[in-house]
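**Q** Structure supplied as upload-v2.cif; contents: mmCIF, C-alpha atoms.
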```cif
data_work
#
loop_
_atom_site.label_atom_id
_atom_site.label_comp_id
_atom_site.auth_asym_id
_atom_site.auth_seq_id
_atom_site.Cartn_x
_atom_site.Cartn_y
_atom_site.Cartn_z
CA GLY A 135 0.00 0.00 0.00
CA ILE A 136 2.80 2.44 0.87
CA VAL A 137 4.71 1.65 -2.32
CA ALA A 138 1.58 1.92 -4.46
CA ALA A 139 0.62 5.23 -2.81
CA ALA A 140 4.13 6.62 -3.30
CA ILE A 141 4.14 5.62 -6.98
CA ALA A 142 0.66 7.06 -7.53
CA LEU A 143 1.63 10.32 -5.81
CA ARG A 144 4.83 10.62 -7.83
CA LEU A 145 3.02 9.96 -11.09
CA PHE A 146 0.37 12.54 -10.19
CA GLN A 147 3.08 15.08 -9.33
CA ASP A 148 4.73 14.52 -12.71
CA LEU A 149 1.37 14.72 -14.46
CA THR A 150 0.46 17.93 -12.63
CA ARG A 151 3.81 19.49 -13.52
CA ASP A 152 3.53 18.49 -17.19
CA GLU A 153 -0.03 19.82 -17.42
CA SER A 154 0.96 23.07 -15.71
CA LEU A 155 3.86 23.55 -18.12
CA ALA A 156 1.58 22.87 -21.08
CA GLU A 157 -0.93 25.38 -19.74
CA LEU A 158 1.80 27.98 -19.23
CA ARG A 159 3.03 27.43 -22.79
CA ARG A 160 -0.47 27.98 -24.17
CA GLU A 161 -0.97 31.09 -22.08
CA VAL A 162 2.37 32.66 -22.92
CA SER A 163 1.82 31.96 -26.63
CA GLY A 164 -1.55 33.73 -26.63
CA ILE A 165 -0.40 36.65 -24.48
CA THR A 166 2.76 37.12 -26.54
CA GLN A 167 0.66 37.24 -29.70
CA LEU A 168 -1.58 39.92 -28.12
CA TYR A 169 1.38 42.09 -27.20
CA ALA A 170 3.11 41.47 -30.53
CA ASP A 171 0.05 42.67 -32.44
CA ALA A 172 -0.27 45.71 -30.17
CA ALA A 173 3.45 46.52 -30.50
CA LEU A 174 3.26 46.20 -34.31
CA ARG A 175 0.32 48.63 -34.43
CA ALA A 176 2.18 51.01 -32.17
CA ALA A 177 5.26 50.87 -34.43
CA ASP A 178 3.33 51.19 -37.72
CA GLU A 179 0.49 53.48 -36.75
CA GLY A 180 1.84 55.22 -33.69
CA ALA A 181 -0.92 53.65 -31.62
CA ASP A 182 -0.83 53.74 -27.86
CA ALA A 183 0.14 50.81 -25.71
CA PRO A 184 -2.66 48.26 -25.28
CA ASP A 185 -5.37 49.30 -22.91
CA PHE A 186 -5.96 45.78 -21.63
CA ALA A 187 -4.60 45.70 -18.10
CA THR A 188 -1.93 43.24 -17.10
CA GLU A 189 -3.79 42.72 -13.84
CA ALA A 190 -6.82 41.53 -15.79
CA LEU A 191 -4.71 39.00 -17.68
CA GLU A 192 -3.14 37.80 -14.45
CA GLU A 193 -6.53 37.48 -12.84
CA ALA A 194 -7.88 35.57 -15.84
CA THR A 195 -4.96 33.14 -15.94
CA GLY A 196 -4.15 33.00 -12.24
CA ASP A 197 -0.47 33.49 -13.14
CA VAL A 198 2.10 36.30 -12.97
CA LEU A 199 3.39 38.11 -16.09
CA PHE A 200 6.95 39.35 -16.52
CA TYR A 201 8.91 40.93 -19.36
CA VAL A 202 12.62 40.85 -20.18
CA GLY A 203 14.21 42.84 -22.98
CA ALA A 204 13.89 46.11 -24.88
CA PRO A 205 10.68 48.14 -24.39
CA ALA A 206 7.96 47.00 -26.77
CA PHE A 207 6.27 50.42 -26.55
CA PRO A 208 8.99 53.11 -26.41
CA GLY A 209 8.02 55.92 -24.11
CA GLN A 210 4.97 54.03 -22.83
CA GLU A 211 4.30 51.52 -20.11
CA SER A 212 3.14 48.07 -21.12
CA GLY A 213 2.04 47.17 -17.63
CA LEU A 214 4.31 44.13 -17.52
CA VAL A 215 6.74 43.73 -14.63
CA ARG A 216 10.25 44.21 -16.02
CA LEU A 217 12.93 41.75 -15.00
CA PRO A 218 16.66 41.95 -15.61
CA GLU A 219 18.03 39.34 -17.98
CA SER A 220 20.20 38.02 -15.17
CA ALA A 221 17.05 36.79 -13.45
CA LEU A 222 16.63 34.12 -16.14
CA PRO A 223 18.70 30.95 -16.46
CA ALA A 224 21.61 31.23 -18.88
CA ASP A 225 20.18 28.69 -21.34
CA VAL A 226 16.91 30.63 -21.52
CA ARG A 227 18.71 33.93 -22.16
CA ALA A 228 20.71 32.34 -24.97
CA SER A 229 17.68 30.72 -26.63
CA ALA A 230 15.50 32.32 -29.29
CA GLU A 231 12.78 29.68 -28.89
CA PRO A 232 9.96 29.18 -26.38
CA GLU A 233 11.30 27.73 -23.14
CA THR A 234 10.00 26.34 -19.87
CA PHE A 235 12.08 26.65 -16.73
CA THR A 236 12.12 27.23 -12.99
CA PHE A 237 13.44 30.44 -11.49
CA THR A 238 13.11 32.74 -8.49
CA PRO A 239 12.10 36.27 -9.48
CA PRO A 240 13.84 39.20 -7.75
CA GLY A 241 12.15 40.02 -4.46
CA GLU A 242 10.68 36.52 -4.15
CA SER A 243 11.87 33.71 -1.91
CA ARG A 244 9.83 30.94 -3.51
CA PRO A 245 10.60 29.29 -6.86
CA PHE A 246 8.30 29.80 -9.83
CA LEU A 247 7.47 27.48 -12.70
CA ALA A 248 7.59 29.55 -15.90
CA ALA A 249 7.17 29.50 -19.66
CA SER A 250 8.59 32.20 -21.89
CA GLU A 251 8.26 33.10 -25.55
CA PRO A 252 10.19 35.67 -27.60
CA LEU A 253 8.28 38.84 -28.52
CA ARG A 254 8.72 39.54 -32.24
CA LEU A 255 7.06 42.18 -34.39
CA GLU A 256 7.50 39.94 -37.45
CA PRO A 257 7.77 36.16 -37.57
CA GLU A 258 11.39 36.21 -38.77
CA ALA A 259 12.47 39.37 -36.96
CA GLU A 260 14.84 39.48 -34.05
CA PRO A 261 12.98 39.28 -30.74
CA LEU A 262 12.60 42.48 -28.74
CA GLY A 263 12.45 40.54 -25.53
CA ARG A 264 10.62 37.75 -23.76
CA ILE A 265 7.23 37.58 -22.14
CA ILE A 266 7.18 35.22 -19.17
CA VAL A 267 4.13 33.60 -17.61
CA ALA A 268 4.90 32.06 -14.22
CA LYS A 269 3.18 30.49 -11.27
CA PRO A 270 4.56 29.51 -7.84
CA GLU A 271 5.58 25.90 -7.56
CA ARG A 272 3.55 25.85 -4.36
CA ALA A 273 0.44 26.02 -6.56
CA LEU A 274 1.37 22.56 -7.87
CA ARG A 275 1.50 21.27 -4.32
CA ASP A 276 -1.99 22.59 -3.73
CA GLN A 277 -3.15 20.33 -6.56
CA TRP A 278 -1.67 17.07 -5.29
CA VAL A 279 -2.19 17.61 -1.54
CA PRO A 280 -5.90 16.63 -1.86
CA LEU A 281 -4.79 13.44 -3.63
CA LEU A 282 -2.37 12.74 -0.78
CA LYS A 283 -5.20 13.10 1.72
CA ARG A 284 -7.36 10.70 -0.29
CA LEU A 285 -4.48 8.24 -0.54
CA LEU A 286 -4.00 8.41 3.23
CA VAL A 287 -7.69 7.70 3.78
CA ALA A 288 -7.57 4.85 1.27
CA PHE A 289 -4.41 3.52 2.90
CA GLY A 290 -6.04 3.63 6.35
CA LEU A 291 -9.14 1.81 5.13
CA GLY A 292 -7.02 -0.68 3.21
CA SER A 293 -4.86 -1.32 6.27
CA LEU A 294 -7.96 -1.89 8.40
CA LEU A 295 -9.40 -4.28 5.82
CA ALA A 296 -6.06 -6.07 5.43
CA GLY A 297 -5.82 -6.39 9.22
CA LEU A 298 -9.28 -7.90 9.48
CA VAL A 299 -8.62 -10.30 6.61
CA GLY A 300 -5.22 -11.20 8.10
CA TRP A 301 -6.79 -11.81 11.51
CA TRP A 302 -9.48 -14.01 9.96
CA MET A 303 -6.92 -15.95 7.90
CA SER A 304 -4.63 -16.41 10.90
CA ARG A 305 -7.52 -17.66 13.01
CA ARG A 306 -8.53 -20.00 10.22
CA ILE A 307 -5.01 -21.41 10.06
CA THR A 308 -3.96 -21.35 13.71
CA GLY A 309 -7.31 -22.67 15.02
CA PRO A 310 -6.90 -26.16 13.50
CA VAL A 311 -3.18 -26.13 14.38
CA LEU A 312 -3.99 -25.40 18.02
CA ALA A 313 -6.63 -28.13 17.94
CA LEU A 314 -3.99 -30.54 16.60
CA ALA A 315 -1.60 -29.49 19.37
CA ARG A 316 -4.24 -30.15 22.07
CA ALA A 317 -5.14 -33.49 20.49
CA SER A 318 -1.43 -34.44 20.42
CA ASP A 319 -1.21 -33.72 24.14
CA GLU A 320 -4.21 -35.99 24.73
CA VAL A 321 -2.63 -38.78 22.71
CA ALA A 322 0.65 -38.34 24.60
CA ALA A 323 -1.36 -38.73 27.84
CA GLY A 324 -2.81 -42.02 26.57
CA ASN A 325 -6.21 -40.81 25.37
CA TYR A 326 -6.46 -42.36 21.91
CA ALA A 327 -10.15 -41.63 21.56
CA VAL A 328 -9.52 -37.94 20.89
CA ARG A 329 -10.37 -36.68 17.40
CA VAL A 330 -9.60 -33.41 15.61
CA PRO A 331 -12.71 -31.71 14.17
CA GLY A 332 -12.78 -30.22 10.70
CA ALA A 333 -10.86 -33.03 9.06
CA HIS A 334 -13.01 -32.83 5.94
CA GLY A 335 -11.56 -30.49 3.36
CA THR A 336 -8.99 -30.11 0.62
CA ASP A 337 -6.34 -27.92 2.21
CA GLU A 338 -3.18 -29.03 3.98
CA ILE A 339 -4.56 -28.54 7.49
CA ALA A 340 -7.58 -30.73 6.75
CA HIS A 341 -5.26 -33.39 5.27
CA LEU A 342 -3.08 -33.27 8.39
CA ALA A 343 -6.14 -33.50 10.67
CA GLU A 344 -7.44 -36.49 8.72
CA ARG A 345 -4.09 -38.31 9.01
CA PHE A 346 -3.91 -37.45 12.71
CA ASN A 347 -7.36 -38.96 13.31
CA GLU A 348 -6.33 -42.09 11.42
CA MET A 349 -3.15 -42.32 13.51
CA ALA A 350 -5.11 -41.91 16.76
CA ALA A 351 -7.59 -44.54 15.65
CA ARG A 352 -4.82 -47.00 14.81
CA LEU A 353 -3.05 -46.36 18.11
CA GLY A 354 -6.33 -46.93 19.93
CA ALA A 355 -6.91 -50.17 18.02
CA THR A 356 -3.34 -51.30 18.74
CA GLU A 357 -3.79 -50.60 22.45
CA GLU A 358 -7.07 -52.49 22.46
CA ARG A 359 -5.46 -55.53 20.80
CA GLU A 360 -2.59 -55.37 23.28
CA ARG A 361 -5.03 -55.26 26.20
CA GLN A 362 -7.03 -58.20 24.82
CA PHE A 363 -3.78 -60.15 24.26
CA LEU A 364 -2.66 -59.54 27.83
CA MET A 365 -6.08 -60.58 29.15
CA SER A 366 -5.99 -63.73 27.06
CA VAL A 367 -2.44 -64.60 28.16
CA SER A 368 -3.24 -63.94 31.82
CA HIS A 369 -6.35 -66.12 31.55
CA GLU A 370 -4.40 -68.94 29.90
CA LEU A 371 -1.73 -68.74 32.58
CA ARG A 372 -4.23 -68.45 35.43
CA THR A 373 -5.97 -71.75 34.61
CA PRO A 374 -2.95 -74.13 35.09
CA LEU A 375 -1.65 -72.05 37.95
CA THR A 376 -4.94 -72.48 39.76
CA ALA A 377 -4.75 -76.27 39.29
CA ILE A 378 -1.14 -76.37 40.51
CA LYS A 379 -2.03 -74.27 43.54
CA GLY A 380 -4.87 -76.71 44.36
CA HIS A 381 -2.52 -79.70 44.22
CA VAL A 382 0.07 -77.95 46.39
CA ASP A 383 -2.59 -77.14 48.99
CA ALA A 384 -3.74 -80.77 48.93
CA LEU A 385 -0.16 -82.02 49.44
CA ARG A 386 0.31 -79.65 52.35
CA ASP A 387 -2.90 -80.86 53.95
CA GLY A 388 -1.91 -84.52 53.45
CA LEU A 389 -4.85 -85.23 51.25
CA ILE A 390 -2.59 -86.49 48.48
#
```
Would it be possible to restate this file's structure as structure tokens?
**A**
Amino acid sequence: GIVAAAIALRLFQDLTRDESLAELRREVSGITQLYADAALRAADEGADAPDFATEALEEATGDVLFYVGAPAFPGQESGLVRLPESALPADVRASAEPETFTFTPPGESRPFLAASEPLRLEPEAEPLGRIIVAKPERALRDQWVPLLKRLLVAFGLGSLLAGLVGWWMSRRITGPVLALARASDEVAAGNYAVRVPGAHGTDEIAHLAERFNEMAARLGATEERERQFLMSVSHELRTPLTAIKGHVDALRDGLI
């Protein structure tokens, strides 16, 4: 039960992490496309920065948005929290492709699970920077903790059931064995009439009980034959001895 619960919990943790990374990749792809379209309009038409609030996006996704790189809207605020490039892992900084990684943002003490995607104005253009969508790793724990509680409940119920079944099986096995032990003591004391109940069955204990009853029966029959033999011998010896004793008494009395 412990091994199965540990494996199930580990598999669920891996599944939760993979699903969270996939969700972050989808979110960062969509959000990056929104900002890329807005930045392209701002560059071509002199439009203002997008009026959709970063807080609204964070509230909709439940994640935190960051930005690393050159300003996408020169002279305007995009609403994204700017991070220094040094906050990202070296392999992410050197990559021009979407990446998933774990990092600790400045001012935070807890690690974040993140997905990032380059922000490009054109598909083949050099990226201006990276938009990062992140969530605390603690949020993953909040997903598998309920499973852990259910596994603990299931383990407790399973342990109780296993204990009851084990107790019933042990009683079923040790009961006939104890009966055999008591019957053996009776036979050792000379009581060959003792019998072990439950000798009818197909398991090993029933076979042993059946053989024990046969042994006790044969010992009882042997003792009975021995007793009858001794009685017969004593009777055969008593008859001539009685006659001899009568003649000796007659000789002593002078009758013969």
**Q** What lies within 6 Å of stretch 248-258 of chain A using all atoms listed in the file, ignoring chain neighbours under 2 positions off, as a list in words?
**A**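 Residues meeting the cut-off are Leu158, Arg159, Ala170, Leu174, Pro232, Glu233, Thr234, Phe235, Thr236, Pro261, Leu262, Gly263, Arg264, Ile265, Ile266, Val267 and Ala268 of chain A.
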**Q** Rounded to one decimal in Å, what is the spacing between atom CA of A:Ala173 and atom CA of A:Pro270?
**A**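 Spanning atom CA of A:Ala173 to atom CA of A:Pro270 is a straight-line distance of 28.4 Å.
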**Q** Quick one: distance from atom CA of A:Arg284 to atom CA of A:Glu157 in Å, one decimal?
**A** 25.2 Å
**Q** One decimal, Å: what's the distance from atom CA of A:Val328 over to atom CA of A:Val367, could you say?
**A**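 Separation of atom CA of A:Val328 and atom CA of A:Val367: 28.5 Å.
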**Q** Residues within 12 Å of A:Val311, please, as number ranges by chain. Count all atoms listed in the file; anything in the same chain fewer than 3 positions from it doesn't count.
**A** A: 304-308, 314-318, 330-333, 338-343, 346
**Q** Would you save the residues from that selection as a tab-separated table (two decimals), in the frame of the given file, using C-alpha atoms?
**A**
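Output saved as out37.tsv:
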```
chain	number	residue	atom	x	y	z
A	304	SER	CA	-4.63	-16.41	10.90
A	305	ARG	CA	-7.52	-17.66	13.01
A	306	ARG	CA	-8.53	-20.00	10.22
A	307	ILE	CA	-5.01	-21.41	10.06
A	308	THR	CA	-3.96	-21.35	13.71
A	314	LEU	CA	-3.99	-30.54	16.60
A	315	ALA	CA	-1.60	-29.49	19.37
A	316	ARG	CA	-4.24	-30.15	22.07
A	317	ALA	CA	-5.14	-33.49	20.49
A	318	SER	CA	-1.43	-34.44	20.42
A	330	VAL	CA	-9.60	-33.41	15.61
A	331	PRO	CA	-12.71	-31.71	14.17
A	332	GLY	CA	-12.78	-30.22	10.70
A	333	ALA	CA	-10.86	-33.03	9.06
A	338	GLU	CA	-3.18	-29.03	3.98
A	339	ILE	CA	-4.56	-28.54	7.49
A	340	ALA	CA	-7.58	-30.73	6.75
A	341	HIS	CA	-5.26	-33.39	5.27
A	342	LEU	CA	-3.08	-33.27	8.39
A	343	ALA	CA	-6.14	-33.50	10.67
A	346	PHE	CA	-3.91	-37.45	12.71
```
**Q** Show which residues sit within 8 Å of stretch 139-151 of chain A, as number ranges by chain. Count all atoms listed in the file, and ignore same-chain residues fewer than 5 positions away.
**A** A: 274, 277-278, 281-282, 285, 289
**Q** Using all atoms listed in the file and a cutoff of 12 Å, can you tell me which residues are near (6.9, 47.4, -30.1) in the file's coordinates, and write them out as a VMD selection string?
**A** chain A and resid 166 to 184 203 to 212 253 to 256 259 to 263
**Q** Working from the structure I just supplied, which lacks atoms in stretch 160-175 of chain A, can you model N, CA and C atoms there and output them as an mmCIF file, keeping the file's coordinate frame?
**A**
```cif
data_model
loop_
_atom_site.group_PDB
_atom_site.id
_atom_site.type_symbol
_atom_site.label_atom_id
_atom_site.label_comp_id
_atom_site.auth_asym_id
_atom_site.auth_seq_id
_atom_site.Cartn_x
_atom_site.Cartn_y
_atom_site.Cartn_z
ATOM 1 N N ARG A 160 0.674 27.461 -23.426
ATOM 2 C CA ARG A 160 -0.470 27.980 -24.170
ATOM 3 C C ARG A 160 -0.751 29.437 -23.808
ATOM 4 N N GLU A 161 -0.682 29.721 -22.511
ATOM 5 C CA GLU A 161 -0.970 31.090 -22.080
ATOM 6 C C GLU A 161 0.061 32.069 -22.603
ATOM 7 N N VAL A 162 1.352 31.718 -22.481
ATOM 8 C CA VAL A 162 2.370 32.660 -22.920
ATOM 9 C C VAL A 162 2.327 32.851 -24.435
ATOM 10 N N SER A 163 1.933 31.819 -25.175
ATOM 11 C CA SER A 163 1.820 31.960 -26.630
ATOM 12 C C SER A 163 0.715 32.948 -26.985
ATOM 13 N N GLY A 164 -0.449 32.814 -26.332
ATOM 14 C CA GLY A 164 -1.550 33.730 -26.630
ATOM 15 C C GLY A 164 -1.252 35.144 -26.185
ATOM 16 N N ILE A 165 -0.684 35.306 -24.987
ATOM 17 C CA ILE A 165 -0.400 36.650 -24.480
ATOM 18 C C ILE A 165 0.695 37.316 -25.309
ATOM 19 N N THR A 166 1.706 36.554 -25.700
ATOM 20 C CA THR A 166 2.760 37.120 -26.540
ATOM 21 C C THR A 166 2.193 37.594 -27.872
ATOM 22 N N GLN A 167 1.271 36.840 -28.441
ATOM 23 C CA GLN A 167 0.660 37.240 -29.700
ATOM 24 C C GLN A 167 -0.136 38.543 -29.528
ATOM 25 N N LEU A 168 -0.847 38.675 -28.390
ATOM 26 C CA LEU A 168 -1.580 39.920 -28.120
ATOM 27 C C LEU A 168 -0.636 41.110 -28.060
ATOM 28 N N TYR A 169 0.454 40.981 -27.322
ATOM 29 C CA TYR A 169 1.380 42.090 -27.200
ATOM 30 C C TYR A 169 2.139 42.335 -28.500
ATOM 31 N N ALA A 170 2.426 41.284 -29.243
ATOM 32 C CA ALA A 170 3.110 41.470 -30.530
ATOM 33 C C ALA A 170 2.229 42.253 -31.491
ATOM 34 N N ASP A 171 0.954 41.922 -31.561
ATOM 35 C CA ASP A 171 0.050 42.670 -32.440
ATOM 36 C C ASP A 171 -0.066 44.124 -31.991
ATOM 37 N N ALA A 172 -0.173 44.342 -30.664
ATOM 38 C CA ALA A 172 -0.270 45.710 -30.170
ATOM 39 C C ALA A 172 1.013 46.491 -30.431
ATOM 40 N N ALA A 173 2.181 45.840 -30.253
ATOM 41 C CA ALA A 173 3.450 46.520 -30.500
ATOM 42 C C ALA A 173 3.623 46.833 -31.980
ATOM 43 N N LEU A 174 3.156 45.945 -32.864
ATOM 44 C CA LEU A 174 3.260 46.200 -34.310
ATOM 45 C C LEU A 174 2.379 47.385 -34.700
ATOM 46 N N ARG A 175 1.185 47.480 -34.146
ATOM 47 C CA ARG A 175 0.320 48.630 -34.430
ATOM 48 C C ARG A 175 0.939 49.912 -33.900
#
```
